[in-house]
Structures are given as structure tokens and as C-alpha cells.
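Worksheet for the structure shown next.
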Amino acid sequence: MTTPEMTIGDTNMALKGQMDGLFLKKRLFNFGLPALVLLYLTYVFFAFDVPGLWAKASMDNARTLVSDIYSYKTHVTRDNRSGDVSVAIEGERKGEYPAGEGPAWVEFGETTVVDLEDGYEVRFGPETVEFDIPGYGLIRATPDRRKGIQAELPSEVVPDWINVSKNRMAVKTPNGRLTVTRNRAEVFRYFTGWELFFFTLDSPYYGQGPAELLSRAIAGESGAIWQDFWTNKMWRHQDVAWAIGETLLMAFLGTFGAAMIALPLAFLGTRNFMPIRLIRMVTRRFFDFVRGVDSLIWTVVLARAFGPGPLTGALAILITDTGTFGKIFSEALENVDGKQIEGVASTGAKPIQRYRFGVIPQITPVLLSQVLYFLESNTRSATIIGAITGGGIGLLLTQAIITQKDWEEVSYYIVLIILMVMFMDWFSGWLRKRLIQGDGDGH
Amino acid sequence: MADLSAAPSSVEDIRTAYTEHTQRKRLYGGIMLVLFVALMVAGFRTADDRNAGSFADGVHRIFDYPGEVLSEAAEKAVQLPGHLVHFYPALIETINIAGAATLIGAIFGTLLSLLATRGMAPWPALIPVFRRIQDLFRAIPEIVIALVLIFLLGGGPVPAMIAIAIHTAGALGKLFSEVNENASLKPVEGLNSTGAAWAQRMWLGVIPQVGPNYVSYALLRFEINIRASAILGFVGAGGIGYELKNSMSWGQGRYDEAAAIFILLFGTIVVVDQISGLLRDRLTHGAKL
């Protein structure tokens, strides 16, 4: 009588042991996995020298970047040799006011007076530059070709927002900046906004409000207004529109071109349509190869043959995605239901008709949804490839970043890129819904 | 009697209606096809016009560059193993960028997805906000953030890692949200009745259900991120892409180095794709023992 109880006791013990083991395993897994992730991230933290990075990070750059995004500066420059004063937005030739003209806060004359508001005022005299700073006093600087800059400050101790040396004096105030060198004196005044976004200074429509523009447009000047906006030299709306068009074109040509090439090839890589093992293997390895070479290498190789431009980018996307689509399509084709093909064959359909009516309708939804999904992701790839091969909005973006000062343009391009990708995301989703539903009830 | 006359009268009528329907469908299909072909042709010609070199001129030169690289590499085949060893650390850096970015992106993507799923979100009113954040993160190409961060932080792997992680968080956030929608909320309710906090409910009630799918998506993302990290290296973010750019700008005479980098990159992508494909297969279809 004792044996059955013993076995029950044994099985209970065994069960308990098993459960304990399972719990231990789960517990280990639950703590072990996060610990492993943490360990890896710690390793990367030091491998990438993140602590050293903060020392290297440039706070000055960050400040320029952020302030440049929402503001612009107007330069008022005096050439110390000729005494000429010129005013230019962002100091660029494209944003220069005609000689002797400027905004209302610059008063030209024997002594040019630059009003920086709140009592701050810079005067370019015939010899001496004066800067009135409320609460501090009057700074005088006389640039001389031989002796350098002779600065007179109201206090003995030089505050840290003033920097004086023999060759250069720089004064930073919240209302504006002044730099004086031997050759020139320059005032920077900061304003919020993106100046000249619609019209440059040489356009007659500069500085006009929307109401006035509208009334002029109705009076028959709409063509000229559009022309001035479209050919704006500062913001280059025409070039930007073309660049976005190029990027979308790369994505479109690449994606659909790849789909068109991959579809027939995909048949060669499937078990049910291609009985010859060798051809199947070769096709599959071909897909793996073009996919594995990756768009970066394809871009590099193709840029050598075709030079920079949208065609190179489109072909790079096309070749890489031929491999990806080939793989996806082959898998879809292997899962095709054979009964439908048999049914079509039983009506006496020829092979081509069998594919057209037995296979294509089955795989169209899968194919279309994949292709449209790739259209969206390729818009992003086309931006990146454009930055490498030199085409589209990616090129404009890298060019603007390289200048390291046109951050308002950089942020403008970034906003446009994000809107473009979001639009393509929405568009491909909308198209997918339409086409696949439309196919569902018809066939 | 009215309902009888309303019924389809004869086979003939049905046949004409059907034929008409098919013909209209075919017409629409035909128009779509013509439109599509026209778009493709026009698009190709525009791209061809705006390109530095035309397709016709360049098409026979496609294999010139790979040919030069390969022939030079073949000449200096003895040095190839040396180059492979030399560039190996750069490859590791590229893989680490992708790995760390995938992990960080997956962690933030998980958070975003939990915050954006009905029934799991701690602040249901903010679900649309977190959805939009996902969309925004997903829409930013990595290169945009990478280039800006390179300006701020200097070149190196960290800008690339952050850039890829942000995009990954958005992309995985969306996929994870879809997985979450299919998870049962009963464990969460059960845990809630025991007084578990939100983090405990998610970690013990949701994550075990969705874990395999999460890992599967994250692996797929890792494959994509390896490619992205190589590309970002090319614009100055370190790793194998940076080395590739350097060896390419040296031009002829250093093609053997370029070839070594090509081999490393190609090999890595293929190997990672294969391993991750196998793992994903096991995760979604169960282990085949």
C-alpha cells in the first residue's frame, strides 16, 4: 500500500522540481536579458567614447544653429578705406540693399546712425565708430591702418561680452553685435523670422502685405508676382521644387522599375513554376547578391558610370529593390493556390492565360501592397542616396549644411522632407486601400 | 406582380450587363496601364536629362569601375587578408552603431507603442499625440539628423547611432502598436486587480505575449539598420562607410582597399540577413526540432 503513495509523492516532488526549474529559468531570463542589453549598451557607451563626446560637442554651434533657425541678421557694414556703408541681409550679396538705401533703422549721412532700439545706437563717424550702450556707457573705436584699433571703453575692467585686441574689437549685446577690424566695421542686428522668403529686395513686391499683393494680382500682375517669387535667389523656390520632384522621381522610377523587372524573374526562382533546380538556385543567388551589395555600393558604382543626378539614384534603388522584390515575389508565388490555376487550365487556357487569370489575380494584392510600401520607404532612401550621389533634395540639404550658416534653409528643407515623406506615406496607404479593395470585389 | 418584373429578365440581359462591366473594367485597366507607362517613360527621360551623364552613354561603363577595382584587387591579392584585418574594427563599429541603435530604438519604440495603444496607454487622451510622434520619427530620414548632429557633436559613430535610433523608434513603434492591438488585455486586467503599477502590468502582462513578435520585427530592423549605418558612415559618421569613402577618394592605386571593404560589407549584410532570417523563422513558426 505504500508504493502508490510513494510514487505520488515522487511525482509531486518531480513536478515541483520541474516547476522550480522553470521559474528559475524564467527569472533568469527576465533579469538576464535586460542585464545583457544593459551590458551591451554600456560597452557601446565606452566604445563610442560618449563621455569624451560632451567635451568635443560644440555649444557655440548649437547656439548658432538654434538662433539661426528662427531668426536672421542684417549686416550694416562700413568699408574703412572708402567710408562706404552697405546694408545686406545675412551679409549675402543676394540680400544686399541698393547702394545708399537700407531699412528705416539705418540713417545714412556724414555720420551713419544705426538704431538698435532701447537706446542702443551705433554711429559710423568719418573716423571713429561709437556704440552707445545704456547702463554701460559709450564705446569708441578708431580703426587705423597702421596702429590697429584704438578702443576707448568707459570702464577699466573689460566685461566678458567685449573682446578687444589690436586687430579686432567685438561687442556682443542682446540688441545687436558690433565688430571693428582694420578694414571694416560691421553691425549685426537680429530679427525673428525668415526674411526674403517670398521676395528678394530687388523685387518691387518686397515688403508688401498679402492684401496689397492680392489686389495687384487681380489688377493683372499675378504672372510677375509669381515670377519674382519663383525665381527668388535667396530661397530658390524653383530649385527646391525641382529637387523634391527629382527625389520623388527617383523613388517612383526605382520602385516601379524594380517591380517590373522582378516580377518575371521571380517566377524563375520558385519551386512550383521552375522545375529546373539549377535555374532556381541561380535566380535566388542573383536576388541575394544584388540585395547584399546594398544601395550604397550600387550608388558608388553607378555614380562612376552615369555621373551625379537623379538617374543614378533611380537605378541604384532599382537594382537593390529588384533583389528584394524578387525574394518577396518568389515567396508570394510559392504560396499561390494551385487549384485556381487548375481551374483555369481545365477551360483549355494556354500557359500565358493560365498565368494571367490563375496566378496574377491571386498575387496582385500582396505585390501591390509591398510595392506601395516600398514607394514610401524609398522616398526616404532617395533623399539619402541623393545626398551621396548628388541629386534631389538630399543634395540641397547637404549643400546647405556644408555652408554651416544657412540653418534657416536647412530647417526649411528638413520640414519639406518630413512633409514629403509623410505625404508619400499617406498617399501610398490611400492607393493601397483603393487598388486592393477595387481588386477584391471585381475579380 | 411588381417584384417579378423587377427581377432580371433573361440570360441575354445578364450577359450584356456582364460584358459591359468587363469591358469597362478593361478600359479602365487599359487607361491606367497607358498612364503608368507614359509616366514611367516621361519620368525616365526627365531623370536622364537632369543627370550628369546619360543612360545611353553610361550603360556600357557600369562594369568599368567594378572591373578596375576587381582587377587591381586581384593583382594585389596577397595584401587582401591584411586589408580585411585592418578594416575589421571599422566593420565592428558599423555593426555596433546598428546594434545599439536598434536596441535603443526598440526600447523607445516599445514605450511609444504602449503609450499609443488603446487599453494599455496610461493616458488615453494622449494616444493621438504619441501616434503623431511615431509618424514624425518615422518620416525623418536618418541622414537629416545625422548631418545636423555631426555639425554639433563632430564626426563619429554617436550621431549616426542617435539618428538611426530615432527613425527606428518611430518605425518599430508603429509595428509594435499593431502587435499590441492583437494582444489579450486579460492578463493586464488580472494584474491590475492585484494592484500592479503600470510598468508592472506592461512588463508582466503585455511583453510576454508580444515578445516574440517584437524580437522578430527588431531583427528585421537590425538588417535594415546595418545598411543605414554603412551609408551614414559615408557622409562622415564613422565605421566602414567612412573608410570606403576615404579609400575611394584616394582613387586608383588604393582600389584593393576599396575591394576589401566591399567584401566585408557584402559579407556582413549577407550573413546578418541569413542569421536574422533563420531566427525570425523560428520565432514566428516555432522551433523546428
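By order of appearance in the C-alpha cells: chains A, B, ..., then residues from 1 within every chain, and ligands from 1 in the order shown.
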
Would you mind listing what lies within 12 Å of A:Gln362 as a PyMOL selection string, with only C-alpha atoms counted and same-chain residues fewer than 5 positions away left out?
-> chain A and resi 329+332-341+354-357+367-368+436+439-440+443

Residues from the last selection, N, CA and C atoms, saved as an mmCIF file, in the first residue's frame:
data_model
loop_
_atom_site.group_PDB
_atom_site.id
_atom_site.type_symbol
_atom_site.label_atom_id
_atom_site.label_comp_id
_atom_site.auth_asym_id
_atom_site.auth_seq_id
_atom_site.Cartn_x
_atom_site.Cartn_y
_atom_site.Cartn_z
ATOM 1 N N PHE A 329 8.443 38.419 -54.035
ATOM 2 C CA PHE A 329 7.511 37.910 -55.038
ATOM 3 C C PHE A 329 7.624 36.384 -55.149
ATOM 4 N N ALA A 332 5.729 34.891 -52.431
ATOM 5 C CA ALA A 332 4.287 35.011 -52.665
ATOM 6 C C ALA A 332 3.844 33.997 -53.713
ATOM 7 N N LEU A 333 4.666 33.818 -54.752
ATOM 8 C CA LEU A 333 4.299 32.903 -55.833
ATOM 9 C C LEU A 333 4.301 31.450 -55.357
ATOM 10 N N GLU A 334 5.188 31.135 -54.408
ATOM 11 C CA GLU A 334 5.227 29.751 -53.919
ATOM 12 C C GLU A 334 3.987 29.437 -53.091
ATOM 13 N N ASN A 335 3.370 30.484 -52.540
ATOM 14 C CA ASN A 335 2.174 30.257 -51.732
ATOM 15 C C ASN A 335 0.892 30.343 -52.543
ATOM 16 N N VAL A 336 1.037 30.427 -53.879
ATOM 17 C CA VAL A 336 -0.149 30.539 -54.723
ATOM 18 C C VAL A 336 -0.955 29.248 -54.645
ATOM 19 N N ASP A 337 -2.286 29.387 -54.658
ATOM 20 C CA ASP A 337 -3.170 28.228 -54.601
ATOM 21 C C ASP A 337 -3.241 27.573 -55.980
ATOM 22 N N GLY A 338 -2.827 26.297 -56.058
ATOM 23 C CA GLY A 338 -2.767 25.609 -57.341
ATOM 24 C C GLY A 338 -4.131 25.322 -57.946
ATOM 25 N N LYS A 339 -5.162 25.258 -57.101
ATOM 26 C CA LYS A 339 -6.494 24.885 -57.602
ATOM 27 C C LYS A 339 -7.009 25.879 -58.622
ATOM 28 N N GLN A 340 -6.723 27.150 -58.341
ATOM 29 C CA GLN A 340 -7.228 28.186 -59.241
ATOM 30 C C GLN A 340 -6.595 28.045 -60.623
ATOM 31 N N ILE A 341 -5.293 27.695 -60.635
ATOM 32 C CA ILE A 341 -4.612 27.521 -61.921
ATOM 33 C C ILE A 341 -5.190 26.311 -62.645
ATOM 34 N N ARG A 354 -3.134 31.058 -68.374
ATOM 35 C CA ARG A 354 -3.148 30.446 -67.040
ATOM 36 C C ARG A 354 -2.474 31.369 -66.026
ATOM 37 N N TYR A 355 -1.334 31.957 -66.432
ATOM 38 C CA TYR A 355 -0.667 32.889 -65.518
ATOM 39 C C TYR A 355 -1.529 34.120 -65.285
ATOM 40 N N ARG A 356 -2.088 34.631 -66.414
ATOM 41 C CA ARG A 356 -2.829 35.883 -66.325
ATOM 42 C C ARG A 356 -4.065 35.736 -65.434
ATOM 43 N N PHE A 357 -4.807 34.616 -65.591
ATOM 44 C CA PHE A 357 -6.065 34.505 -64.853
ATOM 45 C C PHE A 357 -5.975 33.603 -63.628
ATOM 46 N N LEU A 367 1.518 41.806 -53.976
ATOM 47 C CA LEU A 367 2.533 42.561 -54.708
ATOM 48 C C LEU A 367 2.325 44.052 -54.566
ATOM 49 N N LEU A 368 1.083 44.476 -54.816
ATOM 50 C CA LEU A 368 0.808 45.909 -54.791
ATOM 51 C C LEU A 368 1.092 46.500 -53.427
ATOM 52 N N ILE A 436 -6.498 47.719 -53.771
ATOM 53 C CA ILE A 436 -6.709 46.356 -53.308
ATOM 54 C C ILE A 436 -8.188 46.107 -53.049
ATOM 55 N N ASP A 439 -9.775 45.725 -56.384
ATOM 56 C CA ASP A 439 -9.490 44.430 -56.968
ATOM 57 C C ASP A 439 -10.312 43.337 -56.321
ATOM 58 N N GLY A 440 -10.561 43.493 -55.027
ATOM 59 C CA GLY A 440 -11.237 42.452 -54.275
ATOM 60 C C GLY A 440 -12.641 42.177 -54.764
ATOM 61 N N HIS A 443 -12.496 40.918 -59.215
ATOM 62 C CA HIS A 443 -12.035 39.608 -59.678
ATOM 63 C C HIS A 443 -12.615 38.481 -58.862
#

Can you list, as a count of residues only, every protein, DNA or RNA residue that comes within 10 Å of stretch 200-215 of chain B when you count only C-alpha atoms, leaving out same-chain residues fewer than 3 positions away?
-> 40

Once you count only C-alpha atoms, which residues of chain B turn out to be within 6 Å of chain A? Could you give them as a VMD selection string?
-> chain B and resid 47 to 48 51 to 53 58 61 to 62 139 to 141 152 to 153 231 266 269 to 270

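With distances restricted to only C-alpha atoms, A:Thr324 is the closest residue to B:Asp273 from A:Thr324, A:Ile133, A:Val122, A:Asp68.
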
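Using only C-alpha atoms, the smallest distance between any of B:Ile145, B:Ala169, B:Ala163, B:Ile261 and B:Ser247 comes from B:Ile261.
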
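Near A:Leu263, within a cut-off of 10 Å and counting only C-alpha atoms, sit the residues A:Ala258, A:Ala259, A:Met260, A:Ala266, A:Phe267, A:Leu268, A:Thr322, A:Phe325, A:Gly326, A:Lys327, A:Ile328, A:Phe329, A:Ser330, A:Leu333, A:Leu367, with same-chain residues fewer than 3 positions away left out.
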
Identify, with DSSP run on backbone atoms, the residues in stretch 4-197 of chain B assigned to helix (DSSP H, G or I), and express the list as a PyMOL selection string.
-> chain B and resi 4-6+11-50+55-61+64-75+77-115+124-139+142-153+157-181+186-193

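Note that the spacing between atom CA of A:Lys147 and atom CA of A:Glu186 amounts to 19.3 Å.
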
Find, counting only C-alpha atoms, the residue in B:Leu126, B:Ile162, B:Ala100, B:Leu70 that gets nearest to B:Phe262.
-> B:Leu70

Residues near B:Glu75, cut-off 12 Å, only C-alpha atoms, skip fewer than 6 positions along chain, as number ranges by chain = B: 68-69, 253-256, 259

Which polymer residues have any atom within 10 Å of an atom of B:Gln79, counting only C-alpha atoms, with same-chain residues fewer than 5 positions away left out, as a ChimeraX atom specification?
-> /B:73-74,84,256-257,260

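For the pair atom CA of B:Arg24 and atom CA of A:Leu431, the separation is 20.3 Å.
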
Excluding A:Asp115 and residues on its chain fewer than 6 positions from it, collect all residues at most 12 Å away from it, counting only C-alpha atoms, and give them as a list in words.
-> Val76, Pro103, Ala104, Trp105, Val106, Glu107, Phe108, Glu121, Val122, Arg123, Phe124, Glu130, Phe131, Asp132, Ile133, Asn175, Gly176, Val187, Phe188 and Arg189 of chain A

Output file for the selection above: N, CA and C atoms, as a JSON list (two decimals), in the first residue's frame:
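Generated output (out_18.json):
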[["chain", "number", "residue", "atom", "x", "y", "z"],
["A", 76, "VAL", "N", 25.15, 95.72, -41.28],
["A", 76, "VAL", "CA", 25.42, 97.08, -41.77],
["A", 76, "VAL", "C", 26.94, 97.22, -41.74],
["A", 103, "PRO", "N", 17.09, 99.73, -44.51],
["A", 103, "PRO", "CA", 15.87, 99.77, -43.73],
["A", 103, "PRO", "C", 15.77, 101.07, -42.93],
["A", 104, "ALA", "N", 14.61, 101.32, -42.34],
["A", 104, "ALA", "CA", 14.34, 102.61, -41.68],
["A", 104, "ALA", "C", 15.25, 102.85, -40.48],
["A", 105, "TRP", "N", 15.77, 101.78, -39.88],
["A", 105, "TRP", "CA", 16.58, 101.98, -38.68],
["A", 105, "TRP", "C", 18.04, 102.33, -38.99],
["A", 106, "VAL", "N", 18.37, 102.45, -40.25],
["A", 106, "VAL", "CA", 19.71, 102.92, -40.64],
["A", 106, "VAL", "C", 19.56, 104.29, -41.29],
["A", 107, "GLU", "N", 20.26, 105.30, -40.73],
["A", 107, "GLU", "CA", 20.17, 106.66, -41.26],
["A", 107, "GLU", "C", 21.51, 107.00, -41.89],
["A", 108, "PHE", "N", 21.52, 107.19, -43.21],
["A", 108, "PHE", "CA", 22.78, 107.46, -43.89],
["A", 108, "PHE", "C", 23.11, 108.94, -43.78],
["A", 121, "GLU", "N", 22.72, 102.33, -29.78],
["A", 121, "GLU", "CA", 22.90, 103.03, -31.05],
["A", 121, "GLU", "C", 24.35, 102.96, -31.48],
["A", 122, "VAL", "N", 24.57, 102.67, -32.76],
["A", 122, "VAL", "CA", 25.92, 102.65, -33.31],
["A", 122, "VAL", "C", 26.04, 103.80, -34.30],
["A", 123, "ARG", "N", 27.14, 104.57, -34.19],
["A", 123, "ARG", "CA", 27.36, 105.66, -35.15],
["A", 123, "ARG", "C", 28.68, 105.41, -35.88],
["A", 124, "PHE", "N", 28.59, 105.36, -37.21],
["A", 124, "PHE", "CA", 29.81, 105.27, -38.02],
["A", 124, "PHE", "C", 30.20, 106.69, -38.39],
["A", 130, "GLU", "N", 31.25, 104.70, -32.87],
["A", 130, "GLU", "CA", 30.78, 104.85, -31.49],
["A", 130, "GLU", "C", 29.62, 103.91, -31.24],
["A", 131, "PHE", "N", 29.59, 103.34, -30.04],
["A", 131, "PHE", "CA", 28.50, 102.42, -29.68],
["A", 131, "PHE", "C", 27.95, 102.86, -28.33],
["A", 132, "ASP", "N", 26.71, 103.31, -28.31],
["A", 132, "ASP", "CA", 26.05, 103.76, -27.09],
["A", 132, "ASP", "C", 25.36, 102.57, -26.45],
["A", 133, "ILE", "N", 25.74, 102.23, -25.23],
["A", 133, "ILE", "CA", 25.10, 101.09, -24.57],
["A", 133, "ILE", "C", 24.49, 101.58, -23.26],
["A", 175, "ASN", "N", 20.90, 93.42, -28.11],
["A", 175, "ASN", "CA", 20.22, 94.10, -29.21],
["A", 175, "ASN", "C", 20.98, 94.03, -30.53],
["A", 176, "GLY", "N", 22.21, 93.58, -30.48],
["A", 176, "GLY", "CA", 22.96, 93.50, -31.72],
["A", 176, "GLY", "C", 24.43, 93.37, -31.42],
["A", 187, "VAL", "N", 27.92, 96.00, -38.12],
["A", 187, "VAL", "CA", 26.89, 95.85, -37.09],
["A", 187, "VAL", "C", 25.96, 94.74, -37.53],
["A", 188, "PHE", "N", 25.64, 93.84, -36.59],
["A", 188, "PHE", "CA", 24.65, 92.80, -36.88],
["A", 188, "PHE", "C", 23.42, 93.06, -36.03],
["A", 189, "ARG", "N", 22.28, 93.17, -36.65],
["A", 189, "ARG", "CA", 21.05, 93.29, -35.87],
["A", 189, "ARG", "C", 20.18, 92.08, -36.17]]

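As for atom CA of B:Arg227 and atom CA of A:Leu33, they are spaced 25.8 Å apart.
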
Residues at most 12 Å from B:Ala165, counting only C-alpha atoms, excluding those fewer than 3 positions away in the same chain, as a PyMOL selection string?
-> chain B and resi 97-109+137-138+140-143+145-146+158-162+168-173+218+221-222+224-226+228-229
